[in-house]
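To be precise, the following lines are data28.cif, and they hold mmCIF, C-alpha atoms and all ligand atoms.
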data_work
loop_
_atom_site.group_PDB
_atom_site.id
_atom_site.type_symbol
_atom_site.label_atom_id
_atom_site.label_comp_id
_atom_site.auth_asym_id
_atom_site.auth_seq_id
_atom_site.Cartn_x
_atom_site.Cartn_y
_atom_site.Cartn_z
ATOM 1 C CA MET J 41 102.054 233.912 8.632
ATOM 2 C CA ALA J 42 99.104 236.180 7.865
ATOM 3 C CA TYR J 43 95.614 235.382 9.171
ATOM 4 C CA GLN J 44 93.592 234.594 6.052
ATOM 5 C CA PRO J 45 90.492 232.656 7.066
ATOM 6 C CA PHE J 46 88.471 233.931 4.132
ATOM 7 C CA ASN J 47 90.770 232.375 1.570
ATOM 8 C CA LEU J 48 88.617 229.337 0.752
ATOM 9 C CA ALA J 49 91.077 227.598 -1.579
ATOM 10 C CA GLY J 50 90.741 223.844 -1.064
ATOM 11 C CA LYS J 51 87.157 224.080 0.192
ATOM 12 C CA ALA J 52 84.033 223.048 -1.697
ATOM 13 C CA ALA J 53 80.555 224.472 -1.194
ATOM 14 C CA LEU J 54 77.066 223.629 -2.468
ATOM 15 C CA VAL J 55 74.371 226.282 -2.803
ATOM 16 C CA THR J 56 70.862 225.083 -3.649
ATOM 17 C CA GLY J 57 68.973 227.753 -5.533
ATOM 18 C CA GLY J 58 72.410 229.032 -6.517
ATOM 19 C CA ASN J 59 71.547 229.881 -10.109
ATOM 20 C CA ARG J 60 70.053 233.305 -9.339
ATOM 21 C CA GLY J 61 69.001 235.666 -6.564
ATOM 22 C CA ILE J 62 70.410 235.341 -3.053
ATOM 23 C CA GLY J 63 71.920 231.917 -3.798
ATOM 24 C CA LEU J 64 73.905 233.238 -6.747
ATOM 25 C CA GLY J 65 75.108 236.141 -4.584
ATOM 26 C CA MET J 66 76.449 233.606 -2.087
ATOM 27 C CA ALA J 67 77.904 231.287 -4.744
ATOM 28 C CA GLU J 68 79.679 234.166 -6.430
ATOM 29 C CA ALA J 69 81.398 235.318 -3.225
ATOM 30 C CA LEU J 70 82.419 231.728 -2.438
ATOM 31 C CA ALA J 71 83.921 231.310 -5.911
ATOM 32 C CA GLN J 72 85.671 234.681 -5.666
ATOM 33 C CA SER J 73 87.168 233.540 -2.339
ATOM 34 C CA GLY J 74 88.717 230.485 -3.996
ATOM 35 C CA ALA J 75 86.177 227.751 -3.193
ATOM 36 C CA ASP J 76 84.992 225.153 -5.668
ATOM 37 C CA VAL J 77 81.254 225.628 -5.980
ATOM 38 C CA ALA J 78 78.242 223.512 -6.862
ATOM 39 C CA ILE J 79 74.857 225.020 -7.606
ATOM 40 C CA TRP J 80 71.511 223.271 -7.886
ATOM 41 C CA GLY J 81 68.334 224.583 -9.467
ATOM 42 C CA SER J 82 65.405 223.073 -11.289
ATOM 43 C CA ASN J 83 65.839 225.244 -14.410
ATOM 44 C CA PRO J 84 68.725 224.104 -16.677
ATOM 45 C CA THR J 85 68.874 227.423 -18.529
ATOM 46 C CA TYR J 86 69.400 229.418 -15.321
ATOM 47 C CA ASN J 87 71.940 226.792 -14.232
ATOM 48 C CA ALA J 88 73.986 227.118 -17.430
ATOM 49 C CA THR J 89 74.074 230.929 -17.286
ATOM 50 C CA ALA J 90 75.111 230.940 -13.629
ATOM 51 C CA LYS J 91 77.736 228.228 -14.192
ATOM 52 C CA ALA J 92 79.440 230.327 -16.889
ATOM 53 C CA ARG J 93 79.376 233.376 -14.625
ATOM 54 C CA LEU J 94 80.899 231.458 -11.702
ATOM 55 C CA GLU J 95 83.555 229.791 -13.855
ATOM 56 C CA ALA J 96 84.926 233.226 -14.685
ATOM 57 C CA HIS J 97 86.339 233.286 -11.136
ATOM 58 C CA GLY J 98 88.668 230.391 -11.953
ATOM 59 C CA GLY J 99 87.574 227.557 -9.673
ATOM 60 C CA ARG J 100 85.715 224.335 -10.404
ATOM 61 C CA VAL J 101 81.967 224.769 -10.832
ATOM 62 C CA VAL J 102 79.335 222.048 -10.912
ATOM 63 C CA ALA J 103 75.737 222.848 -11.870
ATOM 64 C CA LYS J 104 72.989 220.259 -11.444
ATOM 65 C CA THR J 105 69.361 220.224 -12.428
ATOM 66 C CA VAL J 106 67.622 219.121 -9.251
ATOM 67 C CA ASP J 107 64.145 219.574 -7.845
ATOM 68 C CA VAL J 108 64.880 219.715 -4.125
ATOM 69 C CA SER J 109 61.366 218.558 -3.265
ATOM 70 C CA ASP J 110 62.213 215.186 -4.860
ATOM 71 C CA GLU J 111 63.973 213.018 -2.272
ATOM 72 C CA ALA J 112 65.496 210.582 -4.765
ATOM 73 C CA ALA J 113 66.798 213.441 -6.898
ATOM 74 C CA VAL J 114 68.464 215.091 -3.881
ATOM 75 C CA VAL J 115 70.039 211.831 -2.705
ATOM 76 C CA ALA J 116 71.468 211.166 -6.169
ATOM 77 C CA ALA J 117 72.595 214.756 -6.743
ATOM 78 C CA MET J 118 74.374 214.949 -3.382
ATOM 79 C CA ALA J 119 76.342 211.786 -4.158
ATOM 80 C CA GLU J 120 77.214 213.092 -7.642
ATOM 81 C CA THR J 121 78.229 216.503 -6.300
ATOM 82 C CA VAL J 122 80.516 214.990 -3.642
ATOM 83 C CA GLU J 123 81.986 212.712 -6.305
ATOM 84 C CA ALA J 124 82.605 215.644 -8.663
ATOM 85 C CA LEU J 125 84.182 217.971 -6.081
ATOM 86 C CA GLY J 126 85.733 215.317 -3.838
ATOM 87 C CA ARG J 127 84.093 216.710 -0.686
ATOM 88 C CA LEU J 128 81.653 219.348 0.548
ATOM 89 C CA ASP J 129 82.789 221.644 3.353
ATOM 90 C CA SER J 130 79.628 223.702 3.319
ATOM 91 C CA VAL J 131 76.091 223.140 2.130
ATOM 92 C CA ILE J 132 73.643 226.017 1.876
ATOM 93 C CA ALA J 133 70.008 224.883 1.661
ATOM 94 C CA ASN J 134 68.739 228.070 0.085
ATOM 95 C CA ALA J 135 66.316 227.014 -2.678
ATOM 96 C CA GLY J 136 62.838 228.266 -1.961
ATOM 97 C CA ILE J 137 59.600 229.536 -3.391
ATOM 98 C CA GLY J 138 56.983 232.038 -2.306
ATOM 99 C CA GLY J 139 53.324 231.165 -2.225
ATOM 100 C CA GLY J 140 50.766 233.396 -0.625
ATOM 101 C CA ALA J 141 46.999 233.667 -0.852
ATOM 102 C CA PRO J 142 44.523 236.569 -1.004
ATOM 103 C CA SER J 143 43.741 235.694 2.621
ATOM 104 C CA PHE J 144 44.511 232.845 5.024
ATOM 105 C CA SER J 145 40.877 231.726 4.745
ATOM 106 C CA GLU J 146 41.411 231.227 1.020
ATOM 107 C CA MET J 147 44.748 229.437 1.212
ATOM 108 C CA SER J 148 44.462 226.200 -0.755
ATOM 109 C CA VAL J 149 45.880 222.857 0.229
ATOM 110 C CA ALA J 150 47.730 222.829 -3.105
ATOM 111 C CA VAL J 151 49.639 226.027 -2.206
ATOM 112 C CA TRP J 152 50.274 224.777 1.333
ATOM 113 C CA ARG J 153 51.645 221.447 0.102
ATOM 114 C CA ARG J 154 53.823 222.901 -2.685
ATOM 115 C CA VAL J 155 55.427 225.509 -0.409
ATOM 116 C CA LEU J 156 56.107 222.888 2.254
ATOM 117 C CA ALA J 157 57.448 220.446 -0.353
ATOM 118 C CA VAL J 158 60.130 222.851 -1.629
ATOM 119 C CA ASN J 159 60.887 225.003 1.424
ATOM 120 C CA LEU J 160 60.682 222.391 4.181
ATOM 121 C CA ASP J 161 60.999 218.918 2.607
ATOM 122 C CA GLY J 162 63.665 220.269 0.254
ATOM 123 C CA VAL J 163 65.727 221.678 3.130
ATOM 124 C CA PHE J 164 65.265 218.428 5.078
ATOM 125 C CA PHE J 165 66.471 216.260 2.179
ATOM 126 C CA THR J 166 69.405 218.578 1.430
ATOM 127 C CA CYS J 167 70.569 218.921 5.045
ATOM 128 C CA ARG J 168 70.125 215.223 5.806
ATOM 129 C CA GLU J 169 72.284 214.194 2.847
ATOM 130 C CA ALA J 170 74.838 216.890 3.695
ATOM 131 C CA CYS J 171 75.075 215.703 7.303
ATOM 132 C CA LYS J 172 75.394 212.087 6.175
ATOM 133 C CA HIS J 173 78.436 213.052 4.094
ATOM 134 C CA MET J 174 79.995 215.201 6.834
ATOM 135 C CA VAL J 175 79.454 212.611 9.583
ATOM 136 C CA ALA J 176 80.967 209.853 7.436
ATOM 137 C CA ARG J 177 83.973 212.072 6.800
ATOM 138 C CA ALA J 178 84.306 212.851 10.518
ATOM 139 C CA LYS J 179 84.186 209.143 11.367
ATOM 140 C CA ALA J 180 86.980 208.634 8.855
ATOM 141 C CA GLY J 181 89.106 211.103 10.807
ATOM 142 C CA ASP J 182 88.330 214.392 9.032
ATOM 143 C CA PRO J 183 85.760 216.291 11.142
ATOM 144 C CA GLY J 184 84.176 219.616 10.173
ATOM 145 C CA GLY J 185 81.598 221.152 7.924
ATOM 146 C CA SER J 186 79.001 223.876 7.797
ATOM 147 C CA VAL J 187 75.299 223.563 7.068
ATOM 148 C CA MET J 188 73.265 226.704 6.391
ATOM 149 C CA VAL J 189 69.584 227.207 5.757
ATOM 150 C CA THR J 190 68.006 230.292 4.259
ATOM 151 C CA ALA J 191 65.017 231.199 6.437
ATOM 152 C CA SER J 192 63.304 234.604 6.329
ATOM 153 C CA LEU J 193 62.040 237.417 8.521
ATOM 154 C CA ALA J 194 58.721 235.655 7.880
ATOM 155 C CA ALA J 195 59.872 233.153 10.515
ATOM 156 C CA ILE J 196 59.928 235.766 13.273
ATOM 157 C CA GLU J 197 57.537 238.506 12.082
ATOM 158 C CA GLY J 198 53.896 238.132 11.123
ATOM 159 C CA ALA J 199 53.820 237.475 7.369
ATOM 160 C CA ALA J 200 50.161 238.117 6.586
ATOM 161 C CA ARG J 201 48.675 236.007 3.778
ATOM 162 C CA ASN J 202 51.857 233.901 3.791
ATOM 163 C CA GLU J 203 51.144 231.371 6.513
ATOM 164 C CA ALA J 204 52.529 228.414 4.546
ATOM 165 C CA TYR J 205 55.746 230.268 3.718
ATOM 166 C CA ALA J 206 56.090 231.495 7.321
ATOM 167 C CA ALA J 207 55.581 227.963 8.673
ATOM 168 C CA THR J 208 58.374 226.625 6.463
ATOM 169 C CA LYS J 209 60.783 229.353 7.483
ATOM 170 C CA GLY J 210 60.103 228.879 11.183
ATOM 171 C CA GLY J 211 60.468 225.163 10.590
ATOM 172 C CA VAL J 212 63.892 225.375 9.005
ATOM 173 C CA ILE J 213 65.221 227.406 11.942
ATOM 174 C CA SER J 214 64.038 224.750 14.389
ATOM 175 C CA MET J 215 65.465 222.005 12.148
ATOM 176 C CA MET J 216 68.785 223.866 11.990
ATOM 177 C CA ARG J 217 69.035 224.108 15.795
ATOM 178 C CA ALA J 218 68.443 220.371 16.169
ATOM 179 C CA ILE J 219 71.062 219.655 13.491
ATOM 180 C CA ALA J 220 73.533 221.979 15.241
ATOM 181 C CA VAL J 221 73.283 220.206 18.602
ATOM 182 C CA GLU J 222 73.288 216.696 17.170
ATOM 183 C CA HIS J 223 76.275 217.228 14.879
ATOM 184 C CA ALA J 224 78.568 219.388 17.006
ATOM 185 C CA ARG J 225 80.462 216.277 18.095
ATOM 186 C CA TYR J 226 81.485 215.772 14.451
ATOM 187 C CA GLY J 227 82.731 219.331 14.124
ATOM 188 C CA VAL J 228 79.711 220.143 11.964
ATOM 189 C CA ARG J 229 77.957 223.434 12.661
ATOM 190 C CA ALA J 230 74.591 224.676 11.447
ATOM 191 C CA ASN J 231 73.220 228.195 11.135
ATOM 192 C CA ALA J 232 70.293 230.048 9.569
ATOM 193 C CA ILE J 233 70.222 233.214 7.507
ATOM 194 C CA LEU J 234 67.144 235.443 7.703
ATOM 195 C CA PRO J 235 66.998 237.897 4.786
ATOM 196 C CA GLY J 236 64.803 240.976 4.878
ATOM 197 C CA TRP J 237 63.531 242.619 1.674
ATOM 198 C CA ILE J 238 65.906 241.548 -1.090
ATOM 199 C CA ALA J 239 65.648 242.523 -4.773
ATOM 200 C CA THR J 240 65.359 239.165 -6.575
ATOM 201 C CA ASP J 241 62.881 237.508 -8.911
ATOM 202 C CA MET J 242 60.929 236.375 -5.852
ATOM 203 C CA THR J 243 60.115 239.957 -4.905
ATOM 204 C CA ALA J 244 59.508 241.276 -8.447
ATOM 205 C CA GLY J 245 55.893 242.114 -7.617
ATOM 206 C CA ALA J 246 56.830 244.109 -4.520
ATOM 207 C CA GLN J 247 59.633 245.886 -6.391
ATOM 208 C CA ALA J 248 57.104 247.056 -8.996
ATOM 209 C CA SER J 249 54.547 248.189 -6.407
ATOM 210 C CA PRO J 250 54.288 251.967 -5.773
ATOM 211 C CA ALA J 251 52.599 251.285 -2.415
ATOM 212 C CA PHE J 252 55.518 249.120 -1.383
ATOM 213 C CA ALA J 253 58.011 251.775 -2.449
ATOM 214 C CA GLU J 254 56.099 254.388 -0.484
ATOM 215 C CA LYS J 255 55.290 252.450 2.681
ATOM 216 C CA VAL J 256 57.806 249.643 3.207
ATOM 217 C CA ILE J 257 61.213 250.532 1.799
ATOM 218 C CA PRO J 258 61.320 253.892 3.678
ATOM 219 C CA ARG J 259 61.060 251.809 6.868
ATOM 220 C CA VAL J 260 64.337 250.023 6.039
ATOM 221 C CA PRO J 261 66.989 251.945 8.029
ATOM 222 C CA ALA J 262 69.554 251.210 5.292
ATOM 223 C CA ARG J 263 67.116 253.008 2.916
ATOM 224 C CA ARG J 264 67.431 250.530 0.088
ATOM 225 C CA TRP J 265 66.480 247.057 -1.036
ATOM 226 C CA GLY J 266 68.951 244.333 -0.115
ATOM 227 C CA GLU J 267 70.935 242.844 -2.998
ATOM 228 C CA PRO J 268 72.110 239.263 -3.597
ATOM 229 C CA ALA J 269 75.701 240.464 -3.105
ATOM 230 C CA ASP J 270 74.792 241.433 0.477
ATOM 231 C CA PHE J 271 74.764 237.674 1.248
ATOM 232 C CA GLY J 272 78.279 236.924 0.030
ATOM 233 C CA GLY J 273 79.953 237.821 3.309
ATOM 234 C CA ILE J 274 77.859 235.548 5.490
ATOM 235 C CA ALA J 275 78.303 232.610 3.087
ATOM 236 C CA VAL J 276 82.080 233.088 3.113
ATOM 237 C CA TYR J 277 82.238 233.519 6.902
ATOM 238 C CA LEU J 278 80.141 230.429 7.630
ATOM 239 C CA THR J 279 82.085 228.332 5.108
ATOM 240 C CA SER J 280 85.421 229.476 6.511
ATOM 241 C CA ASP J 281 87.298 228.221 9.551
ATOM 242 C CA ALA J 282 86.718 231.645 11.132
ATOM 243 C CA SER J 283 83.274 230.352 12.144
ATOM 244 C CA SER J 284 84.429 226.999 13.492
ATOM 245 C CA TYR J 285 82.927 227.701 16.974
ATOM 246 C CA HIS J 286 79.806 229.471 15.699
ATOM 247 C CA SER J 287 76.776 227.202 15.538
ATOM 248 C CA GLY J 288 73.033 227.259 16.058
ATOM 249 C CA ASP J 289 72.755 230.955 15.297
ATOM 250 C CA THR J 290 70.273 232.996 13.260
ATOM 251 C CA PHE J 291 71.745 235.808 11.156
ATOM 252 C CA VAL J 292 69.241 238.545 10.350
ATOM 253 C CA ILE J 293 70.408 240.422 7.249
ATOM 254 C CA ASP J 294 67.774 243.061 6.600
ATOM 255 C CA GLY J 295 69.353 246.523 6.623
ATOM 256 C CA GLY J 296 67.952 246.989 10.135
ATOM 257 C CA TYR J 297 64.286 246.549 9.109
ATOM 258 C CA SER J 298 63.292 244.214 11.922
ATOM 259 C CA ILE J 299 64.666 246.376 14.736
ATOM 260 C CA PHE J 300 63.242 249.721 13.546
HETATM 261 P P1 LIG J 401 64.659 233.607 -6.413
HETATM 262 O O1 LIG J 401 63.261 233.332 -6.845
HETATM 263 O O2 LIG J 401 65.449 234.666 -7.049
HETATM 264 O O3 LIG J 401 65.519 232.263 -6.485
HETATM 265 C C1 LIG J 401 65.011 231.052 -6.000
HETATM 266 C C2 LIG J 401 66.055 229.993 -6.241
HETATM 267 O O4 LIG J 401 65.560 228.738 -5.748
HETATM 268 C C3 LIG J 401 66.353 229.801 -7.714
HETATM 269 O O5 LIG J 401 67.715 229.532 -7.876
HETATM 270 C C4 LIG J 401 65.523 228.604 -8.077
HETATM 271 O O6 LIG J 401 66.082 227.914 -9.175
HETATM 272 C C5 LIG J 401 65.604 227.779 -6.801
HETATM 273 N N1 LIG J 401 64.489 226.853 -6.673
HETATM 274 C C6 LIG J 401 63.165 227.132 -6.534
HETATM 275 N N2 LIG J 401 62.453 226.002 -6.466
HETATM 276 C C7 LIG J 401 63.334 224.973 -6.557
HETATM 277 C C8 LIG J 401 63.232 223.573 -6.555
HETATM 278 N N3 LIG J 401 62.034 222.965 -6.420
HETATM 279 N N4 LIG J 401 64.338 222.831 -6.669
HETATM 280 C C9 LIG J 401 65.552 223.413 -6.804
HETATM 281 N N5 LIG J 401 65.725 224.738 -6.805
HETATM 282 C C10 LIG J 401 64.632 225.516 -6.696
HETATM 283 O O7 LIG J 401 64.514 233.852 -4.838
HETATM 284 P P2 LIG J 401 65.509 234.446 -3.757
HETATM 285 O O8 LIG J 401 66.902 234.408 -4.214
HETATM 286 O O9 LIG J 401 64.921 235.698 -3.291
HETATM 287 O O10 LIG J 401 65.279 233.373 -2.601
HETATM 288 C C11 LIG J 401 66.297 232.537 -2.111
HETATM 289 C C12 LIG J 401 65.911 232.124 -0.701
HETATM 290 O O11 LIG J 401 65.819 233.285 0.114
HETATM 291 C C13 LIG J 401 64.544 231.435 -0.624
HETATM 292 O O12 LIG J 401 64.606 230.370 0.298
HETATM 293 C C14 LIG J 401 63.642 232.535 -0.108
HETATM 294 O O13 LIG J 401 62.532 232.024 0.578
HETATM 295 C C15 LIG J 401 64.585 233.294 0.800
HETATM 296 N N6 LIG J 401 64.209 234.658 1.101
HETATM 297 C C16 LIG J 401 64.117 235.617 0.123
HETATM 298 C C17 LIG J 401 63.771 236.905 0.444
HETATM 299 C C18 LIG J 401 63.680 238.011 -0.563
HETATM 300 O O14 LIG J 401 63.272 239.126 -0.202
HETATM 301 N N7 LIG J 401 64.027 237.814 -1.799
HETATM 302 C C19 LIG J 401 63.460 237.289 1.830
HETATM 303 C C20 LIG J 401 63.585 236.208 2.765
HETATM 304 C C21 LIG J 401 63.952 234.955 2.404
HETATM 305 P P3 LIG J 401 65.146 227.300 -10.364
HETATM 306 O O15 LIG J 401 64.241 228.362 -10.806
HETATM 307 O O16 LIG J 401 66.132 226.830 -11.371
HETATM 308 O O17 LIG J 401 64.431 226.143 -9.714
#

Since I need it in another form, could you write the structure as structure tokens?
Ligand code: NDP
Amino acid sequence: MAYQPFNLAGKAALVTGGNRGIGLGMAEALAQSGADVAIWGSNPTYNATAKARLEAHGGRVVAKTVDVSDEAAVVAAMAETVEALGRLDSVIANAGIGGGAPSFSEMSVAVWRRVLAVNLDGVFFTCREACKHMVARAKAGDPGGSVMVTASLAAIEGAARNEAYAATKGGVISMMRAIAVEHARYGVRANAILPGWIATDMTAGAQASPAFAEKVIPRVPARRWGEPADFGGIAVYLTSDASSYHSGDTFVIDGGYSIF
């Protein structure tokens, strides 16, 4: 019998923020590996376009319009997603927003609160509901599951003028480690992904900046922007049984930027 851990047939995965960018890159690889996939985003138009793209890979696809900063919406959507797919083997809390300021001194409470609401509260609500489902399943005799959070290099490097964003990304790594220890007994593992500079809508301003092209991208040892597809492999690995003993880790995926 061949070793085929990355055949995800029979598994179901949820990617929040899966309608574009890094999340869509992960959802696409999961669907191509045979998993049923759910995506959540707050924009129904993006959701519909991504759903059609994912369905082309042949598996079941569920797309839900959810604002992850809304606790009641996340609770309801998680129940509906589990109902639609029968189970969730992996949940990737990836939805996030940027939100900087001209300087830290000028950072408004409104920016601080909005960034925390989506990037920290949203990950909390999503992971809590995911763990609830996975623990209940374990108690019913079917242990296992994978929880992932998308953090950022901003969690471990100084992200000037982005203190709110940096605080959320550091926060989700700490949350993930606590989840990993608490849920190991149920066979549930938790890990964080730390992307570097990735070409998505979030970084459109930086992609258009000549100064950025001149000063930052040449410092990426891989000598290019990261792409959403660069996140497919880690999503598949962490959803698969190949990672069943891998928990509490932080995966830096940045083309070598942070070690150069
Ligand atoms: P994009 O802006 O391309 O995508 C963001 C995704 O999050 C969209 O699918 C969006 O869907 C969803 N989203 C945003 N707000 C909400 C909300 N309130 N409720 C539900 N979904 C929401 O960004 P990226 O793909 O680049 O970012 C994905 C993750 O990666 C984020 O957590 C980001 O912080 C992180 N990251 C990105 C880096 C980069 O260089 N691009 C670097 C490091 C980390 P919709 O618009 O429908 O709400």

Would you compute, for all listed atoms of ligand LIG 401 (chain J), the axis-aligned bounding box grown by 6 Å on each side, and then report its centre and edge lengths in Å rounded to one decimal, as AutoDock Vina command-line options?
--center_x 64.9 --center_y 231.0 --center_z -4.3 --size_x 17.7 --size_y 28.3 --size_z 26.1

Within 7 Å of ligand LIG 401 (chain J), which residues of chain J show up? Give each one with its shortest atom-to-atom distance in Å (one decimal) and the two atoms involved, counting only C-alpha atoms and all ligand atoms, rows by chain then rising residue number, as a tab-separated table.
residue	atom	partner	partner_atom	distance
J:Thr56	CA	J:LIG401	N5	6.0
J:Gly57	CA	J:LIG401	O5	3.2
J:Gly58	CA	J:LIG401	O5	4.9
J:Asn59	CA	J:LIG401	O5	4.4
J:Arg60	CA	J:LIG401	O5	4.7
J:Gly61	CA	J:LIG401	O8	3.4
J:Ile62	CA	J:LIG401	O8	3.8
J:Gly63	CA	J:LIG401	O8	5.6
J:Trp80	CA	J:LIG401	C9	6.1
J:Gly81	CA	J:LIG401	O16	3.7
J:Ser82	CA	J:LIG401	O17	3.6
J:Asn83	CA	J:LIG401	O16	3.4
J:Pro84	CA	J:LIG401	O16	6.5
J:Tyr86	CA	J:LIG401	O16	5.7
J:Asn87	CA	J:LIG401	O16	6.5
J:Val106	CA	J:LIG401	C9	5.4
J:Asp107	CA	J:LIG401	N4	3.5
J:Val108	CA	J:LIG401	N4	4.1
J:Ser109	CA	J:LIG401	N3	5.5
J:Asn134	CA	J:LIG401	O12	4.7
J:Ala135	CA	J:LIG401	O4	3.6
J:Gly136	CA	J:LIG401	O12	3.6
J:Ile137	CA	J:LIG401	C6	5.3
J:Gly138	CA	J:LIG401	O13	6.3
J:Val158	CA	J:LIG401	N3	5.2
J:Asn159	CA	J:LIG401	O12	6.6
J:Thr190	CA	J:LIG401	O12	5.2
J:Ala191	CA	J:LIG401	C21	5.6
J:Ser192	CA	J:LIG401	C20	3.9
J:Leu193	CA	J:LIG401	C20	6.1
J:Leu234	CA	J:LIG401	C20	6.1
J:Pro235	CA	J:LIG401	C20	4.3
J:Gly236	CA	J:LIG401	C19	5.0
J:Trp237	CA	J:LIG401	O14	4.0
J:Ile238	CA	J:LIG401	O14	3.7
J:Ala239	CA	J:LIG401	N7	5.8
J:Thr240	CA	J:LIG401	O2	4.5
J:Asp241	CA	J:LIG401	O2	4.3
J:Met242	CA	J:LIG401	O1	4.0
J:Thr243	CA	J:LIG401	N7	5.4

Is there a way to get, as a short mmCIF file (atom, residue, chain, number, x, y, z; two decimals) with C-alpha atoms, in the coordinates of the input, all residues within 8 Å of the point (80.3, 237.0, -2.8) in file coordinates, counting all atoms listed in the file?
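Result saved to part-v3.cif:
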data_model
loop_
_atom_site.label_atom_id
_atom_site.label_comp_id
_atom_site.auth_asym_id
_atom_site.auth_seq_id
_atom_site.Cartn_x
_atom_site.Cartn_y
_atom_site.Cartn_z
CA GLY J 65 75.11 236.14 -4.58
CA MET J 66 76.45 233.61 -2.09
CA ALA J 67 77.90 231.29 -4.74
CA GLU J 68 79.68 234.17 -6.43
CA ALA J 69 81.40 235.32 -3.22
CA LEU J 70 82.42 231.73 -2.44
CA ALA J 71 83.92 231.31 -5.91
CA GLN J 72 85.67 234.68 -5.67
CA SER J 73 87.17 233.54 -2.34
CA ALA J 269 75.70 240.46 -3.10
CA ASP J 270 74.79 241.43 0.48
CA PHE J 271 74.76 237.67 1.25
CA GLY J 272 78.28 236.92 0.03
CA GLY J 273 79.95 237.82 3.31
CA ALA J 275 78.30 232.61 3.09
CA VAL J 276 82.08 233.09 3.11
#

### Message
Would you compute the distance between atom CA of J:Ala253 and atom CA of J:Lys209? Give it in Å to one decimal.
### Response
24.7 Å

Can you turn the PyMOL selection byres (((chain J and resi 139) around 7) and not hetatm) into a concrete residue list for this file, as a PDB file with C-alpha atoms, keeping the file's coordinate frame?
ATOM      1  CA  ILE J 137      59.600 229.536  -3.391  1.00  0.00           C
ATOM      2  CA  GLY J 138      56.983 232.038  -2.306  1.00  0.00           C
ATOM      3  CA  GLY J 140      50.766 233.396  -0.625  1.00  0.00           C
ATOM      4  CA  ALA J 141      46.999 233.667  -0.852  1.00  0.00           C
ATOM      5  CA  VAL J 151      49.639 226.027  -2.206  1.00  0.00           C
ATOM      6  CA  VAL J 155      55.427 225.509  -0.409  1.00  0.00           C
ATOM      7  CA  ASN J 202      51.857 233.901   3.791  1.00  0.00           C
ATOM      8  CA  TYR J 205      55.746 230.268   3.718  1.00  0.00           C
TER       9      TYR J 205
END

### Message
Using all atoms listed in the file, which protein or nucleic acid residues come within 7 Å of J:Val260? Drop anything in the same chain fewer than 6 positions from it, and give the result as a ChimeraX atom specification.
### Response
/J:295-297

### Message
Please enumerate the residues selected by the PyMOL selection byres (((chain J and resi 165-167) around 9) and not hetatm) when evaluated against the supplied file, formatted as an MDAnalysis selection string.
### Response
chainID J and resid 56 108:111 114:115 118 131:133 160:164 168:172 187:189 216 219

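Atom CA of J:Gln247 to atom CA of J:Arg259 spans 14.6 Å [interatomic distance, one decimal].
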
#### Entry: Coordinates-based distance that separates atom CA of J:His223 from atom CA of J:Ser284 (Å, one decimal)
12.8 Å

### Message
Running the PyMOL selection byres (((chain J and resi 51) around 7) and not hetatm) on this model by hand, what would come out? Give it as JSON, numbers by chain.
### Response
{"J": [48, 49, 50, 52, 53, 75, 76, 129]}
